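Raw contents of my_file26.txt, compact mmCIF, C-alpha atoms:
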# COMPACT_ATOMS: atom_id res chain seq x y z
CA MET A 11 190.78 106.21 -106.61
CA GLY A 12 192.82 109.03 -105.09
CA GLU A 13 192.77 112.76 -105.54
CA ASN A 14 191.21 112.68 -109.01
CA THR A 15 187.96 110.96 -107.94
CA ARG A 16 185.88 114.09 -107.78
CA HIS A 17 187.15 115.44 -111.09
CA GLU A 18 186.52 112.16 -112.90
CA TYR A 19 183.01 111.86 -111.44
CA ASP A 20 182.33 115.48 -112.38
CA ASP A 21 183.23 114.65 -116.00
CA MET A 22 180.21 112.34 -116.13
CA MET A 23 177.63 113.95 -113.83
CA GLY A 24 178.89 117.48 -113.32
CA PRO A 25 179.39 119.09 -109.89
CA PRO A 26 177.95 117.09 -106.97
CA TRP A 27 174.86 119.24 -106.53
CA MET A 28 173.99 118.86 -110.22
CA GLY A 29 173.95 115.08 -109.87
CA LEU A 30 171.02 115.36 -107.48
CA VAL A 31 168.70 116.28 -110.35
CA TYR A 32 168.39 112.55 -111.07
CA LEU A 33 166.55 112.07 -107.75
CA VAL A 34 163.39 113.14 -109.56
CA PHE A 35 163.27 109.62 -111.06
CA LEU A 36 162.89 108.24 -107.52
CA PHE A 37 159.48 109.87 -107.21
CA LEU A 38 158.39 109.71 -110.85
CA PRO A 39 156.70 106.26 -110.68
CA LEU A 40 154.68 107.37 -107.64
CA MET A 41 153.10 110.17 -109.65
CA PHE A 42 151.35 107.59 -111.82
CA TRP A 43 149.98 105.44 -109.01
CA SER A 44 146.28 105.81 -108.51
CA GLY A 45 145.39 106.95 -105.04
CA SER A 46 148.95 108.14 -104.33
CA PRO A 47 149.52 105.87 -101.29
CA VAL A 48 151.27 107.60 -98.43
CA ARG A 49 153.65 104.82 -97.44
CA PRO A 50 155.70 104.71 -100.71
CA TRP A 51 156.00 108.50 -100.66
CA ALA A 52 157.12 108.50 -97.03
CA VAL A 53 159.62 105.67 -97.54
CA SER A 54 161.03 107.35 -100.64
CA ALA A 55 161.37 110.72 -98.91
CA VAL A 56 163.18 109.17 -95.93
CA ALA A 57 165.44 107.22 -98.30
CA ALA A 58 166.32 110.43 -100.14
CA LEU A 59 167.24 112.11 -96.85
CA VAL A 60 169.43 109.12 -95.93
CA PHE A 61 171.03 109.16 -99.37
CA LEU A 62 172.07 112.82 -99.36
CA PRO A 63 174.85 112.60 -96.72
CA MET A 64 176.10 109.38 -98.30
CA TYR A 65 176.18 111.05 -101.70
CA PHE A 66 178.21 114.05 -100.59
CA ALA A 67 180.47 111.88 -98.40
CA PHE A 68 181.42 109.97 -101.54
CA PHE A 69 183.22 113.07 -102.83
CA ARG A 70 185.05 113.70 -99.55
CA TRP A 71 186.05 110.23 -98.44
CA ARG A 72 188.83 108.08 -99.87
CA GLY A 73 189.81 104.43 -99.68
CA LEU A 74 187.66 101.76 -98.05
CA ARG A 75 185.13 104.20 -96.59
CA GLN A 76 184.44 105.58 -100.04
CA ARG A 77 184.08 102.12 -101.57
CA ALA A 78 181.80 101.01 -98.75
CA LEU A 79 179.28 103.62 -99.89
CA ILE A 80 178.68 101.66 -103.11
CA PRO A 81 176.92 98.65 -101.51
CA ALA A 82 175.28 100.97 -98.97
CA VAL A 83 173.64 103.07 -101.70
CA ALA A 84 172.73 99.95 -103.66
CA ALA A 85 171.15 98.37 -100.55
CA LEU A 86 169.17 101.55 -99.98
CA GLY A 87 167.84 101.33 -103.52
CA LEU A 88 166.95 97.65 -103.20
CA ALA A 89 165.06 98.36 -99.97
CA VAL A 90 163.05 101.14 -101.61
CA ILE A 91 162.20 98.98 -104.66
CA THR A 92 160.01 96.82 -102.42
CA VAL A 93 157.57 99.72 -102.11
CA ASN A 94 158.56 101.99 -105.00
CA PRO A 95 160.13 100.78 -108.28
CA GLY A 96 161.78 104.18 -108.58
CA GLY A 97 164.28 102.95 -106.00
CA ASN A 98 166.31 101.74 -108.97
CA THR A 99 167.55 105.37 -109.10
CA PHE A 100 169.81 104.64 -106.12
CA VAL A 101 171.08 101.49 -107.84
CA ILE A 102 172.10 103.56 -110.87
CA TYR A 103 173.87 106.02 -108.56
CA ALA A 104 175.75 103.01 -107.19
CA PHE A 105 176.66 102.02 -110.76
CA ALA A 106 178.24 105.45 -111.26
CA MET A 107 180.11 105.26 -107.95
CA ALA A 108 181.46 101.81 -108.81
CA GLY A 109 182.68 103.03 -112.18
CA THR A 110 184.41 105.97 -110.51
CA VAL A 111 186.41 104.25 -107.78
CA LEU A 112 186.76 100.58 -108.72
CA PRO A 113 189.02 98.96 -111.34
CA LEU A 114 187.09 98.16 -114.51
CA ARG A 115 186.80 94.42 -113.84
CA HIS A 116 185.59 94.94 -110.27
CA ALA A 117 183.20 97.67 -111.39
CA LEU A 118 181.63 95.32 -113.95
CA LEU A 119 181.29 92.52 -111.38
CA ALA A 120 179.69 94.90 -108.88
CA ALA A 121 177.31 96.25 -111.50
CA GLY A 122 176.37 92.72 -112.54
CA ALA A 123 175.64 91.70 -108.97
CA MET A 124 173.53 94.81 -108.37
CA LEU A 125 171.62 94.21 -111.59
CA VAL A 126 170.84 90.59 -110.65
CA LEU A 127 169.52 91.61 -107.23
CA THR A 128 167.50 94.45 -108.73
CA ALA A 129 165.99 92.13 -111.35
CA ALA A 130 165.08 89.56 -108.67
CA LEU A 131 163.22 92.21 -106.66
CA PHE A 132 161.38 93.55 -109.70
CA PHE A 133 160.20 90.11 -110.77
CA SER A 134 159.06 89.33 -107.21
CA THR A 135 157.18 92.60 -106.63
CA LEU A 136 155.82 93.69 -110.03
CA PRO A 137 153.72 92.12 -112.76
CA LEU A 138 155.84 90.47 -115.44
CA PRO A 139 155.52 93.19 -118.17
CA PHE A 140 156.45 95.95 -115.70
CA ALA A 141 159.29 93.90 -114.26
CA VAL A 142 160.75 93.27 -117.71
CA GLY A 143 160.46 96.96 -118.56
CA TYR A 144 162.16 98.12 -115.37
CA VAL A 145 164.96 95.55 -115.67
CA ALA A 146 165.58 96.64 -119.26
CA MET A 147 165.60 100.29 -118.20
CA VAL A 148 168.08 99.70 -115.37
CA THR A 149 170.29 97.63 -117.67
CA VAL A 150 170.41 100.27 -120.41
CA ILE A 151 170.65 103.38 -118.23
CA GLY A 152 172.99 101.79 -115.72
CA GLY A 153 175.20 100.49 -118.50
CA LEU A 154 175.36 103.92 -120.12
CA VAL A 155 176.19 105.61 -116.82
CA LEU A 156 178.85 103.04 -115.94
CA GLY A 157 180.35 103.23 -119.43
CA GLY A 158 180.36 107.02 -119.39
CA VAL A 159 182.13 107.19 -116.04
CA VAL A 160 184.70 104.59 -117.09
CA LEU A 161 185.39 106.53 -120.29
CA ALA A 162 185.69 109.74 -118.28
CA ARG A 163 188.27 108.05 -116.05
CA ALA A 164 190.21 106.85 -119.07
CA ARG A 165 190.14 110.33 -120.58
CA ALA A 166 191.29 111.93 -117.34
CA ARG A 167 194.12 109.40 -117.05
CA ARG A 168 195.17 109.99 -120.63
CA ASN A 169 195.13 113.75 -120.15
CA ALA A 170 197.25 113.37 -117.03
CA GLU A 171 199.72 111.23 -118.97
CA LEU A 172 199.84 113.82 -121.73
CA ARG A 173 200.53 116.56 -119.20
CA LEU A 174 203.33 114.48 -117.73
CA THR A 175 204.68 113.88 -121.23
CA GLN A 176 204.54 117.61 -121.93
CA ASP A 177 206.41 118.33 -118.71
CA GLU A 178 209.03 115.71 -119.55
CA VAL A 179 209.45 117.03 -123.09
CA GLY A 180 209.84 120.53 -121.69
CA ARG A 181 212.37 119.33 -119.11
CA LEU A 182 214.44 117.45 -121.71
CA ALA A 183 214.24 120.39 -124.11
CA ALA A 184 215.43 122.77 -121.38
CA LEU A 185 218.27 120.38 -120.50
CA ALA A 186 219.32 120.06 -124.13
CA GLU A 187 219.10 123.83 -124.53
CA ARG A 188 221.33 124.41 -121.50
CA GLU A 189 223.88 121.97 -122.89
CA ARG A 190 223.79 123.67 -126.27
CA ILE A 191 224.18 127.11 -124.72
CA GLY A 192 227.14 125.84 -122.69
CA ARG A 193 228.83 124.41 -125.77
CA ASP A 194 228.15 127.52 -127.83
CA LEU A 195 229.49 129.87 -125.19
CA HIS A 196 232.55 127.70 -124.64
CA ASP A 197 233.28 127.58 -128.38
CA LEU A 198 232.50 131.26 -128.78
CA LEU A 199 234.33 132.77 -125.81
CA GLY A 200 237.02 130.22 -125.00
CA HIS A 201 239.34 131.15 -127.88
CA THR A 202 238.43 134.85 -127.73
CA LEU A 203 239.19 135.24 -124.02
CA SER A 204 242.43 133.29 -124.39
CA LEU A 205 243.46 135.65 -127.18
CA VAL A 206 242.53 138.70 -125.08
CA ALA A 207 244.59 137.38 -122.17
CA ILE A 208 247.66 136.70 -124.35
CA LYS A 209 247.54 140.08 -126.10
CA SER A 210 246.96 141.92 -122.83
CA GLU A 211 249.96 140.18 -121.28
CA LEU A 212 252.06 141.01 -124.34
CA ALA A 213 250.97 144.66 -124.23
CA GLY A 214 251.97 144.81 -120.57
CA ARG A 215 255.45 143.61 -121.44
CA LEU A 216 255.80 146.08 -124.34
CA VAL A 217 254.41 149.16 -122.63
CA ASP A 218 257.86 150.30 -121.48
CA ALA A 219 260.07 148.84 -124.22
CA ASP A 220 257.88 149.65 -127.25
CA PRO A 221 254.86 151.82 -126.44
CA GLN A 222 253.65 151.84 -130.07
CA ALA A 223 253.64 148.06 -130.24
CA ALA A 224 251.82 147.94 -126.90
CA LYS A 225 249.23 150.38 -128.27
CA ARG A 226 248.70 148.13 -131.31
CA GLN A 227 248.17 145.13 -129.06
CA ILE A 228 245.64 147.07 -126.97
CA GLY A 229 243.85 148.08 -130.19
CA GLU A 230 243.68 144.42 -131.25
CA VAL A 231 242.32 143.50 -127.83
CA GLU A 232 239.59 146.11 -128.34
CA ASN A 233 238.73 144.73 -131.79
CA VAL A 234 238.62 141.17 -130.50
CA ALA A 235 236.36 142.24 -127.61
CA ARG A 236 233.98 144.03 -129.97
CA GLN A 237 233.81 140.99 -132.26
CA ALA A 238 233.14 138.78 -129.25
CA LEU A 239 230.34 141.10 -128.14
CA ALA A 240 228.73 140.94 -131.59
CA GLN A 241 229.02 137.15 -131.59
CA VAL A 242 227.47 136.91 -128.13
CA ARG A 243 224.55 139.04 -129.29
CA GLU A 244 224.02 136.74 -132.27
CA ALA A 245 224.21 133.74 -129.97
CA VAL A 246 221.60 135.25 -127.65
CA VAL A 247 219.25 135.70 -130.62
CA GLY A 248 219.75 132.05 -131.49
CA ILE A 249 219.20 130.99 -127.89
CA ARG A 250 215.92 132.90 -127.69
CA ALA A 251 214.72 131.45 -130.99
CA THR A 252 212.37 128.47 -130.88
CA GLY A 253 212.83 125.65 -133.39
CA LEU A 254 209.85 124.92 -135.62
CA GLN A 255 210.17 121.17 -135.10
CA ALA A 256 210.13 121.60 -131.31
CA GLU A 257 207.12 123.90 -131.58
CA LEU A 258 205.32 121.32 -133.73
CA ALA A 259 205.92 118.71 -131.04
CA ALA A 260 204.59 121.06 -128.37
CA THR A 261 201.58 121.85 -130.57
CA ARG A 262 200.79 118.17 -131.01
CA LEU A 263 200.87 117.56 -127.26
CA ALA A 264 198.74 120.64 -126.52
CA LEU A 265 196.12 119.64 -129.10
CA LEU A 266 196.08 116.03 -127.93
CA SER A 267 195.37 117.23 -124.40
CA ALA A 268 192.31 119.03 -125.81
CA GLU A 269 191.36 115.99 -127.96
CA VAL A 270 192.07 117.85 -131.20
CA HIS A 271 193.66 115.87 -134.03
CA LEU A 272 196.76 117.34 -135.70
CA ASP A 273 197.83 116.52 -139.25
CA GLN A 274 201.17 118.02 -140.26
CA ARG A 275 203.13 118.05 -143.51
CA ARG A 276 206.50 119.76 -143.63
CA ALA A 277 208.69 120.27 -146.67
CA PRO A 278 212.34 119.28 -146.08
CA VAL A 279 213.80 122.78 -146.12
CA ALA A 280 216.52 124.37 -143.97
CA LEU A 281 215.35 127.67 -142.53
CA PRO A 282 217.44 130.61 -141.34
CA PRO A 283 217.13 130.90 -137.53
CA ALA A 284 215.37 134.27 -137.70
CA LEU A 285 212.65 132.95 -140.02
CA GLU A 286 212.29 129.68 -138.13
CA SER A 287 211.75 131.59 -134.90
CA VAL A 288 209.03 133.75 -136.49
CA LEU A 289 207.24 130.71 -137.93
CA ALA A 290 207.49 128.88 -134.61
CA MET A 291 206.00 131.82 -132.70
CA THR A 292 203.25 132.13 -135.32
CA LEU A 293 202.41 128.45 -134.89
CA ARG A 294 202.35 128.87 -131.12
CA GLU A 295 200.00 131.86 -131.32
CA ALA A 296 197.72 130.10 -133.81
CA THR A 297 197.57 127.01 -131.58
CA THR A 298 196.65 129.16 -128.59
CA ASN A 299 193.79 130.72 -130.58
CA VAL A 300 192.56 127.30 -131.68
CA LEU A 301 192.49 126.03 -128.09
CA ARG A 302 190.84 129.16 -126.69
CA HIS A 303 188.39 130.15 -129.38
CA ALA A 304 188.01 127.78 -132.34
CA GLN A 305 186.21 124.78 -130.77
CA ALA A 306 187.87 122.67 -133.46
CA SER A 307 188.31 118.90 -133.70
CA ARG A 308 191.06 118.94 -136.33
CA VAL A 309 194.02 121.16 -137.20
CA ASP A 310 196.20 120.93 -140.34
CA VAL A 311 199.69 122.42 -140.47
CA GLU A 312 201.57 122.56 -143.78
CA LEU A 313 205.00 123.98 -144.57
CA LEU A 314 205.32 124.33 -148.34
CA HIS A 315 208.39 125.32 -150.36
CA ASP A 316 207.69 126.13 -153.98
CA ALA A 317 209.75 128.17 -156.45
CA GLY A 318 211.83 129.65 -153.67
CA GLU A 319 208.74 130.83 -151.80
CA LEU A 320 207.93 129.46 -148.34
CA ARG A 321 204.36 129.13 -147.02
CA LEU A 322 203.16 128.05 -143.59
CA VAL A 323 199.44 127.18 -143.65
CA ILE A 324 197.51 126.50 -140.42
CA SER A 325 193.83 125.59 -140.78
CA ASP A 326 191.15 124.20 -138.49
CA ASP A 327 187.56 122.98 -138.76
CA GLY A 328 186.29 125.13 -135.90
CA ARG A 329 183.56 127.70 -135.70
CA GLY A 330 185.46 130.39 -137.61
CA GLY A 331 185.20 134.09 -136.99
CA ALA A 332 187.20 133.50 -133.81
CA LEU A 333 190.35 135.44 -134.70
CA GLN A 334 189.80 138.98 -133.48
CA PRO A 335 192.35 141.82 -133.46
CA GLY A 336 192.96 141.24 -129.75
CA ASN A 337 193.96 137.60 -130.18
CA GLY A 338 197.66 138.26 -130.77
CA LEU A 339 197.24 139.09 -134.45
CA ALA A 340 198.89 142.49 -134.20
CA GLY A 341 202.11 141.05 -132.79
CA MET A 342 201.95 138.19 -135.26
CA ARG A 343 201.65 140.58 -138.22
CA GLU A 344 204.49 142.75 -136.94
CA ARG A 345 206.86 139.81 -136.54
CA ILE A 346 206.05 138.46 -140.00
CA ALA A 347 206.28 141.88 -141.64
CA GLY A 348 209.61 142.42 -139.86
CA VAL A 349 211.18 139.59 -141.88
CA GLY A 350 209.53 140.65 -145.13
CA GLY A 351 206.64 138.17 -145.02
CA LEU A 352 202.87 138.41 -145.49
CA LEU A 353 200.05 137.15 -143.29
CA ASP A 354 196.67 136.19 -144.76
CA ILE A 355 193.72 135.03 -142.62
CA ASP A 356 190.42 133.60 -143.82
CA SER A 357 187.97 132.91 -140.99
CA PRO A 358 184.32 132.88 -142.11
CA ALA A 359 181.78 132.26 -139.35
CA GLY A 360 181.05 128.54 -139.16
CA GLY A 361 183.70 127.71 -141.77
CA GLY A 362 186.85 127.26 -139.72
CA THR A 363 189.99 129.39 -139.90
CA ARG A 364 192.84 129.32 -142.40
CA LEU A 365 196.00 131.25 -141.60
CA GLN A 366 198.78 131.51 -144.19
CA VAL A 367 202.24 133.00 -143.77
CA THR A 368 204.10 133.67 -147.02
CA LEU A 369 207.84 134.33 -147.09
CA PRO A 370 209.03 135.34 -150.59
CA ARG A 371 212.42 134.33 -151.94
CA ARG A 372 213.88 137.77 -151.23
CA ALA A 373 212.97 137.55 -147.51
CA ILE A 374 214.59 134.11 -147.26
CA GLU A 375 217.78 135.25 -148.98
CA GLU A 376 218.06 138.34 -146.77
CA ALA A 377 217.59 136.29 -143.61
CA ALA A 378 220.16 133.67 -144.62
CA PRO A 379 223.52 134.02 -142.85

Write the structure described by the file as structure tokens, please.
Amino acid sequence: MGENTRHEYDDMMGPPWMGLVYLVFLFLPLMFWSGSPVRPWAVSAVAALVFLPMYFAFFRWRGLRQRALIPAVAALGLAVITVNPGGNTFVIYAFAMAGTVLPLRHALLAAGAMLVLTAALFFSTLPLPFAVGYVAMVTVIGGLVLGGVVLARARARRNAELRLTQDEVGRLAALAERERIGRDLHDLLGHTLSLVAIKSELAGRLVDADPQAAKRQIGEVENVARQALAQVREAVVGIRATGLQAELAATRLALLSAEVHLDQRRAPVALPPALESVLAMTLREATTNVLRHAQASRVDVELLHDAGELRLVISDDGRGGALQPGNGLAGMRERIAGVGGLLDIDSPAGGGTRLQVTLPRRAIEEAAP
């Protein structure tokens, strides 16, 4: 499988040592045998001791050595079944190993072969009713284990793809932002610096012939420089601002990685950069709280524009009561209040969380350029 084998197997059975709890099923049938014969107990105990190094080696080894452990563990289980039907426990371990490291088609073929051999041993060593029961049990439990591990692999692969997608989106966004900054600075400073150079050269020529004219040119250079400084400051504010649409895309990817569904509805409204940045940062903070505290399966984001008033509503179906004063709310309130908006939060315990940002018409008009 590669470097993700251990993590994918952990998704199904937990850390390696936790998986050993299932060894109790190896000895369980022996507890119901009358007379408690010594030989099955001894064979089972020796088999468990043989299995332990193979089990932990499965998490360390890679490639052919790791795959070779699958038939080895299955063979161990088949050998034990001849004296203890609980040996099917090792066969189910082999099912899980096959699902972890083999392609789906090969894992199914391996599981089918192991099941046929296990069924043949049960029918040859046990009375028919017991054999049928054990075969049914191995089929159901082994199928569930195999299916769970395969699903865990698919989930891990999907999460890895989402992380790669997030990284690529971030890289492309950074590249586009650098290009935009370059264009903005070129448009902003190219003409201004050319004008400063021309006027400075002209002032140098006039300083002896017409000192007053030279002084006027120097004054104009100063004015132009101050205007350029103000424009650069405005540009820096715009550069630092995060677009709401970009933040929505980042939110969707972050929630998908956590298997949380996002439903978004956005009114077609042009926002002043200052307000858009505040709403984007609010969405980012709310998303962080959902991922860390809410335990939600669904998030709804709505941007509503009605009668000149703008409302951003973020709600989830989580446990509620998760938004505490230390969860970024203070900074969120300050940013929203700084642009003349209001923040309202409803988060009853067990009833999810609903966060609403309201920007009245006056705040929008004041923020407009």

Closest of A:Ala306, A:Met291, A:Leu301, A:Val145 to Leu322 of chain A - atom-to-atom distances counting only C-alpha atoms: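 Ranking A:Ala306, A:Met291, A:Leu301, A:Val145 by distance to Leu322 of chain A, first place goes to A:Met291.
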
With distances taken over all atoms listed in the file, which residue among A:Ala89, A:Leu205, A:Ala373, A:Val53 lies nearest Ala235 of chain A? A:Leu205

Find the spatial neighbours of Gly348 of chain A, counting all atoms listed in the file, within a cut-off of 12 Å - ignore same-chain residues fewer than 5 positions away - and output them as a ChimeraX atom specification. /A:284-285,288,341-343,353,369,373,376-377

Output C-alpha atoms of each residue in that selection to a file, as a short mmCIF file (atom, residue, chain, number, x, y, z; two decimals), keeping the file's coordinate frame.
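Output (out36.cif):
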data_model
loop_
_atom_site.label_atom_id
_atom_site.label_comp_id
_atom_site.auth_asym_id
_atom_site.auth_seq_id
_atom_site.Cartn_x
_atom_site.Cartn_y
_atom_site.Cartn_z
CA ALA A 284 215.37 134.27 -137.70
CA LEU A 285 212.65 132.95 -140.02
CA VAL A 288 209.03 133.75 -136.49
CA GLY A 341 202.11 141.05 -132.79
CA MET A 342 201.95 138.19 -135.26
CA ARG A 343 201.65 140.58 -138.22
CA LEU A 353 200.05 137.15 -143.29
CA LEU A 369 207.84 134.33 -147.09
CA ALA A 373 212.97 137.55 -147.51
CA GLU A 376 218.06 138.34 -146.77
CA ALA A 377 217.59 136.29 -143.61
#

Smallest atom-to-atom distance to Phe132 of chain A: which of A:Leu86, A:Ala104, A:Leu320, A:Met147, using only C-alpha atoms? A:Met147

Closest to Val90 of chain A among A:Ser54, A:Thr202, A:Thr292, A:Gln76, using only C-alpha atoms?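 Among the listed residues, the smallest separation from Val90 of chain A belongs to A:Ser54.
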
How many Å lie between atom CA of Ala347 of chain A and atom CA of Ala256 of chain A, rounded to one decimal?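 Computing the Euclidean distance for atom CA of Ala347 of chain A and atom CA of Ala256 of chain A yields 23.1 Å.
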
One number please: atom CA of Ala129 of chain A to atom CA of Leu62 of chain A, in Å, one decimal.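 Atom CA of Leu62 of chain A lies 24.7 Å from atom CA of Ala129 of chain A.
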
Need the neighbours of (183.3, 106.3, -99.2): which residues are at most 12 Å away, counting only C-alpha atoms, as a PyMOL selection string? chain A and resi 11-12+15-16+63-83+104+107-108+110-112

Grab the residues selected above and save them as a short mmCIF file (atom, residue, chain, number, x, y, z; two decimals), keeping the file's coordinate frame with C-alpha atoms.
data_model
loop_
_atom_site.label_atom_id
_atom_site.label_comp_id
_atom_site.auth_asym_id
_atom_site.auth_seq_id
_atom_site.Cartn_x
_atom_site.Cartn_y
_atom_site.Cartn_z
CA MET A 11 190.78 106.21 -106.61
CA GLY A 12 192.82 109.03 -105.09
CA THR A 15 187.96 110.96 -107.94
CA ARG A 16 185.88 114.09 -107.78
CA PRO A 63 174.85 112.60 -96.72
CA MET A 64 176.10 109.38 -98.30
CA TYR A 65 176.18 111.05 -101.70
CA PHE A 66 178.21 114.05 -100.59
CA ALA A 67 180.47 111.88 -98.40
CA PHE A 68 181.42 109.97 -101.54
CA PHE A 69 183.22 113.07 -102.83
CA ARG A 70 185.05 113.70 -99.55
CA TRP A 71 186.05 110.23 -98.44
CA ARG A 72 188.83 108.08 -99.87
CA GLY A 73 189.81 104.43 -99.68
CA LEU A 74 187.66 101.76 -98.05
CA ARG A 75 185.13 104.20 -96.59
CA GLN A 76 184.44 105.58 -100.04
CA ARG A 77 184.08 102.12 -101.57
CA ALA A 78 181.80 101.01 -98.75
CA LEU A 79 179.28 103.62 -99.89
CA ILE A 80 178.68 101.66 -103.11
CA PRO A 81 176.92 98.65 -101.51
CA ALA A 82 175.28 100.97 -98.97
CA VAL A 83 173.64 103.07 -101.70
CA ALA A 104 175.75 103.01 -107.19
CA MET A 107 180.11 105.26 -107.95
CA ALA A 108 181.46 101.81 -108.81
CA THR A 110 184.41 105.97 -110.51
CA VAL A 111 186.41 104.25 -107.78
CA LEU A 112 186.76 100.58 -108.72
#

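Straight-line separation from atom CA of His116 of chain A to atom CA of Ala162 of chain A: 16.8 Å.
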
I'd like the neighbourhood of Glu375 of chain A as a JSON list (two decimals) with C-alpha atoms, in the coordinates of the input, where a residue qualifies if any of its atoms comes within 10 Å (using only C-alpha atoms), though same-chain residues fewer than 4 positions away should be ignored.
[["chain", "number", "residue", "atom", "x", "y", "z"],
["A", 282, "PRO", "CA", 217.44, 130.61, -141.34],
["A", 318, "GLY", "CA", 211.83, 129.65, -153.67],
["A", 370, "PRO", "CA", 209.03, 135.34, -150.59],
["A", 371, "ARG", "CA", 212.42, 134.33, -151.94],
["A", 379, "PRO", "CA", 223.52, 134.02, -142.85]]

Report, as JSON, the centre and edge lengths in Å (one decimal) of the axis-aligned box enclosing every listed atom of segment 276-292 of chain A, padded by 3 Å on each side.
{"center_x": 210.3, "center_y": 126.8, "center_z": -139.7, "size_x": 20.2, "size_y": 21.0, "size_z": 20.0}

Would you pick out the contacts of Gly157 of chain A at 9 Å or less, using only C-alpha atoms, so that residues sharing its chain but fewer than 4 positions from it are not included, and give the list as a ChimeraX atom specification? /A:106,109,152-153,161-162

Close residues, Leu203 of chain A itself excluded, 12 Å, all atoms listed in the file, min 6 positions apart in chain, as number ranges by chain: A: 195-197, 209-210, 231-232, 234-239

Restricting the calculation to only C-alpha atoms, which member of A:Val60, A:Ala120, A:Leu131, A:Ile208 is positioned closest to Asn98 of chain A?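 For Asn98 of chain A, the nearest of the candidates is A:Leu131.
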
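Between Val309 of chain A and the candidates A:Gly158, A:Gly253, A:Pro47, A:Gly328, the tightest atom-to-atom separation, counting only C-alpha atoms, involves A:Gly328.
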
Using all atoms listed in the file, determine which residues lie at most 12 Å from Ser325 of chain A, disregarding the query and same-chain residues fewer than 3 positions distant; provide the list as a PDB file with C-alpha atoms, in the frame of the given file.
ATOM      1  CA  HIS A 271     193.660 115.870-134.030  1.00  0.00           C
ATOM      2  CA  LEU A 272     196.760 117.340-135.700  1.00  0.00           C
ATOM      3  CA  ASP A 273     197.830 116.520-139.250  1.00  0.00           C
ATOM      4  CA  GLN A 274     201.170 118.020-140.260  1.00  0.00           C
ATOM      5  CA  LEU A 293     202.410 128.450-134.890  1.00  0.00           C
ATOM      6  CA  ALA A 296     197.720 130.100-133.810  1.00  0.00           C
ATOM      7  CA  THR A 297     197.570 127.010-131.580  1.00  0.00           C
ATOM      8  CA  ASN A 299     193.790 130.720-130.580  1.00  0.00           C
ATOM      9  CA  VAL A 300     192.560 127.300-131.680  1.00  0.00           C
ATOM     10  CA  ALA A 304     188.010 127.780-132.340  1.00  0.00           C
ATOM     11  CA  ALA A 306     187.870 122.670-133.460  1.00  0.00           C
ATOM     12  CA  SER A 307     188.310 118.900-133.700  1.00  0.00           C
ATOM     13  CA  ARG A 308     191.060 118.940-136.330  1.00  0.00           C
ATOM     14  CA  VAL A 309     194.020 121.160-137.200  1.00  0.00           C
ATOM     15  CA  ASP A 310     196.200 120.930-140.340  1.00  0.00           C
ATOM     16  CA  VAL A 311     199.690 122.420-140.470  1.00  0.00           C
ATOM     17  CA  GLU A 312     201.570 122.560-143.780  1.00  0.00           C
ATOM     18  CA  LEU A 313     205.000 123.980-144.570  1.00  0.00           C
ATOM     19  CA  LEU A 322     203.160 128.050-143.590  1.00  0.00           C
ATOM     20  CA  GLY A 328     186.290 125.130-135.900  1.00  0.00           C
ATOM     21  CA  ARG A 329     183.560 127.700-135.700  1.00  0.00           C
ATOM     22  CA  GLY A 330     185.460 130.390-137.610  1.00  0.00           C
ATOM     23  CA  ASP A 354     196.670 136.190-144.760  1.00  0.00           C
ATOM     24  CA  ILE A 355     193.720 135.030-142.620  1.00  0.00           C
ATOM     25  CA  ASP A 356     190.420 133.600-143.820  1.00  0.00           C
ATOM     26  CA  SER A 357     187.970 132.910-140.990  1.00  0.00           C
ATOM     27  CA  GLY A 361     183.700 127.710-141.770  1.00  0.00           C
ATOM     28  CA  GLY A 362     186.850 127.260-139.720  1.00  0.00           C
ATOM     29  CA  THR A 363     189.990 129.390-139.900  1.00  0.00           C
ATOM     30  CA  ARG A 364     192.840 129.320-142.400  1.00  0.00           C
ATOM     31  CA  LEU A 365     196.000 131.250-141.600  1.00  0.00           C
ATOM     32  CA  GLN A 366     198.780 131.510-144.190  1.00  0.00           C
ATOM     33  CA  VAL A 367     202.240 133.000-143.770  1.00  0.00           C
TER      34      VAL A 367
END
